[in-house]
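Participant: One structure, pasted below without further comment.
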Amino acid sequence: MNTNDLVADLLHSQLVAIDRDTLRELTDASDVLREDDTHLAGWIRILAFGDLILVQEETPKGEVLVRRMASRESADSFVDLRMQTYERMWDGCGCKVDYFAEWSDQVCHLGSDPPGDSRRH
């Protein structure tokens, strides 16, 4: 896959898995607006690629994911929530991240409560 294929895929899907060669090509062709080390699942980045705002992250299994975002503010909110979840995970909360969950500014299903947590949402 190359960045042109990625952009075409992102027009039809909010989330696309890419290989490391495409990641290198994407980061070389993008402006990196933000970059955080999760300390648990690689780096998470906000990228500006042309008119697109993207979030690139990795799963603990090394899968590289690119997510199309509605705006820079939406991307920052996504990364902030992801980093808060990683901080809780680092502290041993038992949380899990659903890397393939949909994201919108109104609805967030990015992770799960710890096992045995009986709170209702």
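By convention here, the chains of the structure tokens are called A, B, ... in the order presented, each chain's residues are numbered starting at 1, and ligands are numbered starting at 1 in the order presented.
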Just list the residues in segment 40-116 of chain A DSSP gives helix (DSSP H, G or I) on the backbone, as a VMD selection string.

Facilitator: chain A and resid 72 to 90

Participant: May I have all residues of chain A that DSSP, computed from the backbone, assigns to strand (DSSP E or B), given as a PyMOL selection string?

Facilitator: chain A and resi 15-18+31-37+43-49+52-58+64-69+96-97+103+108+111-112

Participant: Find the residues near Glu73 of chain A: any atom within 12 Å, counting only C-alpha atoms, skip ones fewer than 2 places away on the same chain, and give them as JSON, numbers by chain.

Facilitator: {"A": [33, 34, 46, 53, 54, 55, 69, 70, 71, 75, 76, 77, 78, 79, 80, 104, 105]}

Participant: When you draw a straight line from atom CA of Leu23 of chain A to atom CA of Glu57 of chain A, how long is it in Å?

Facilitator: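 Answer for the atom CA of Leu23 of chain A to atom CA of Glu57 of chain A separation: 10.1 Å.
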
Participant: Pick out the residues sitting within 12 Å of Ala41 of chain A, and hand them over as a PyMOL selection string; count only C-alpha atoms, and ignore anything fewer than 2 positions along from it in its own chain.

Facilitator: chain A and resi 36-39+43-44+56-65+82-83+85-87+89-90+96-97+99

Participant: Store the residues picked out above in a file with C-alpha atoms, as a PDB file, in the first residue's frame.

Facilitator:
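Full text of result_21.pdb as output:
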ATOM      1  CA  ASP A  36       3.448  10.764  22.207  1.00  0.00           C
ATOM      2  CA  ASP A  37       5.188   7.615  23.414  1.00  0.00           C
ATOM      3  CA  THR A  38       2.512   5.404  24.993  1.00  0.00           C
ATOM      4  CA  HIS A  39       5.147   3.246  26.744  1.00  0.00           C
ATOM      5  CA  TRP A  43       3.932   5.897  19.450  1.00  0.00           C
ATOM      6  CA  ILE A  44       0.675   7.698  18.790  1.00  0.00           C
ATOM      7  CA  GLN A  56      -1.603   6.957  13.692  1.00  0.00           C
ATOM      8  CA  GLU A  57      -1.185   4.443  16.489  1.00  0.00           C
ATOM      9  CA  GLU A  58       0.062   0.927  17.100  1.00  0.00           C
ATOM     10  CA  THR A  59      -1.495  -1.976  18.912  1.00  0.00           C
ATOM     11  CA  PRO A  60       0.557  -3.981  21.426  1.00  0.00           C
ATOM     12  CA  LYS A  61       0.767  -6.643  18.684  1.00  0.00           C
ATOM     13  CA  GLY A  62       2.576  -4.159  16.417  1.00  0.00           C
ATOM     14  CA  GLU A  63      -0.317  -3.477  14.038  1.00  0.00           C
ATOM     15  CA  VAL A  64      -0.124   0.049  12.620  1.00  0.00           C
ATOM     16  CA  LEU A  65      -3.480   1.815  12.397  1.00  0.00           C
ATOM     17  CA  ARG A  82      -5.974   7.241  24.692  1.00  0.00           C
ATOM     18  CA  MET A  83      -3.074   8.549  26.793  1.00  0.00           C
ATOM     19  CA  THR A  85      -6.238   5.065  29.322  1.00  0.00           C
ATOM     20  CA  TYR A  86      -2.568   4.103  28.954  1.00  0.00           C
ATOM     21  CA  GLU A  87      -1.777   5.949  32.187  1.00  0.00           C
ATOM     22  CA  MET A  89      -3.210   0.749  32.411  1.00  0.00           C
ATOM     23  CA  TRP A  90       0.316   1.576  33.585  1.00  0.00           C
ATOM     24  CA  LYS A  96      -8.329  -2.768  27.733  1.00  0.00           C
ATOM     25  CA  VAL A  97      -8.126  -0.636  24.610  1.00  0.00           C
ATOM     26  CA  TYR A  99      -8.177  -0.276  18.883  1.00  0.00           C
TER      27      TYR A  99
END

Participant: Need to verify the contact set: Val16 of chain A, 8 Å, only C-alpha atoms, exclusion of same-chain residues closer than 6 positions in sequence. Can you return it as a PyMOL selection string?

Facilitator: chain A and resi 6+9-10+65-67

Participant: For those residues, write N, CA, C and O atoms to a file as a compact mmCIF listing (two decimals), in the first residue's frame.

Facilitator:
# COMPACT_ATOMS: atom_id res chain seq x y z
N LEU A 6 -3.85 4.61 0.69
CA LEU A 6 -4.32 4.87 2.05
C LEU A 6 -5.39 5.96 2.05
O LEU A 6 -6.45 5.80 2.66
N ASP A 9 -8.59 4.63 0.72
CA ASP A 9 -9.25 3.77 1.70
C ASP A 9 -9.89 4.59 2.81
O ASP A 9 -10.97 4.26 3.29
N LEU A 10 -9.22 5.67 3.22
CA LEU A 10 -9.75 6.50 4.30
C LEU A 10 -10.99 7.30 3.88
O LEU A 10 -11.73 7.77 4.74
N LEU A 65 -2.15 1.37 12.78
CA LEU A 65 -3.48 1.82 12.40
C LEU A 65 -3.47 3.31 12.12
O LEU A 65 -2.79 4.08 12.80
N VAL A 66 -4.24 3.72 11.12
CA VAL A 66 -4.42 5.12 10.79
C VAL A 66 -5.91 5.41 10.81
O VAL A 66 -6.70 4.70 10.21
N ARG A 67 -6.26 6.47 11.52
CA ARG A 67 -7.66 6.84 11.71
C ARG A 67 -7.87 8.26 11.18
O ARG A 67 -7.13 9.17 11.52

Participant: Measuring between only C-alpha atoms, which one of A:Gly92, A:Thr22, A:Asp98, A:Trp103 shows the shortest distance to Ser74 of chain A?

Facilitator: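 Of the candidates, the smallest distance to Ser74 of chain A is held by A:Trp103.
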
Participant: What separation in Å, quoted to one decimal, exists between atom CA of Gln84 of chain A and atom CA of Leu11 of chain A?

Facilitator: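 The value is 28.7 Å.
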
Participant: Give the answer as one residue: which of A:Leu81, A:Ala17, A:Arg88, A:Arg68 has the shortest atom-to-atom distance to Leu40 of chain A, using only C-alpha atoms?

Facilitator: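 Of A:Leu81, A:Ala17, A:Arg88, A:Arg68, the one nearest Leu40 of chain A, counting only C-alpha atoms, is A:Arg88.
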
Participant: What is the distance between atom CA of Phe49 of chain A and atom CA of Phe100 of chain A, in Å to one decimal?

Facilitator: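 Computed distance, atom CA of Phe49 of chain A to atom CA of Phe100 of chain A, equals 21.4 Å.
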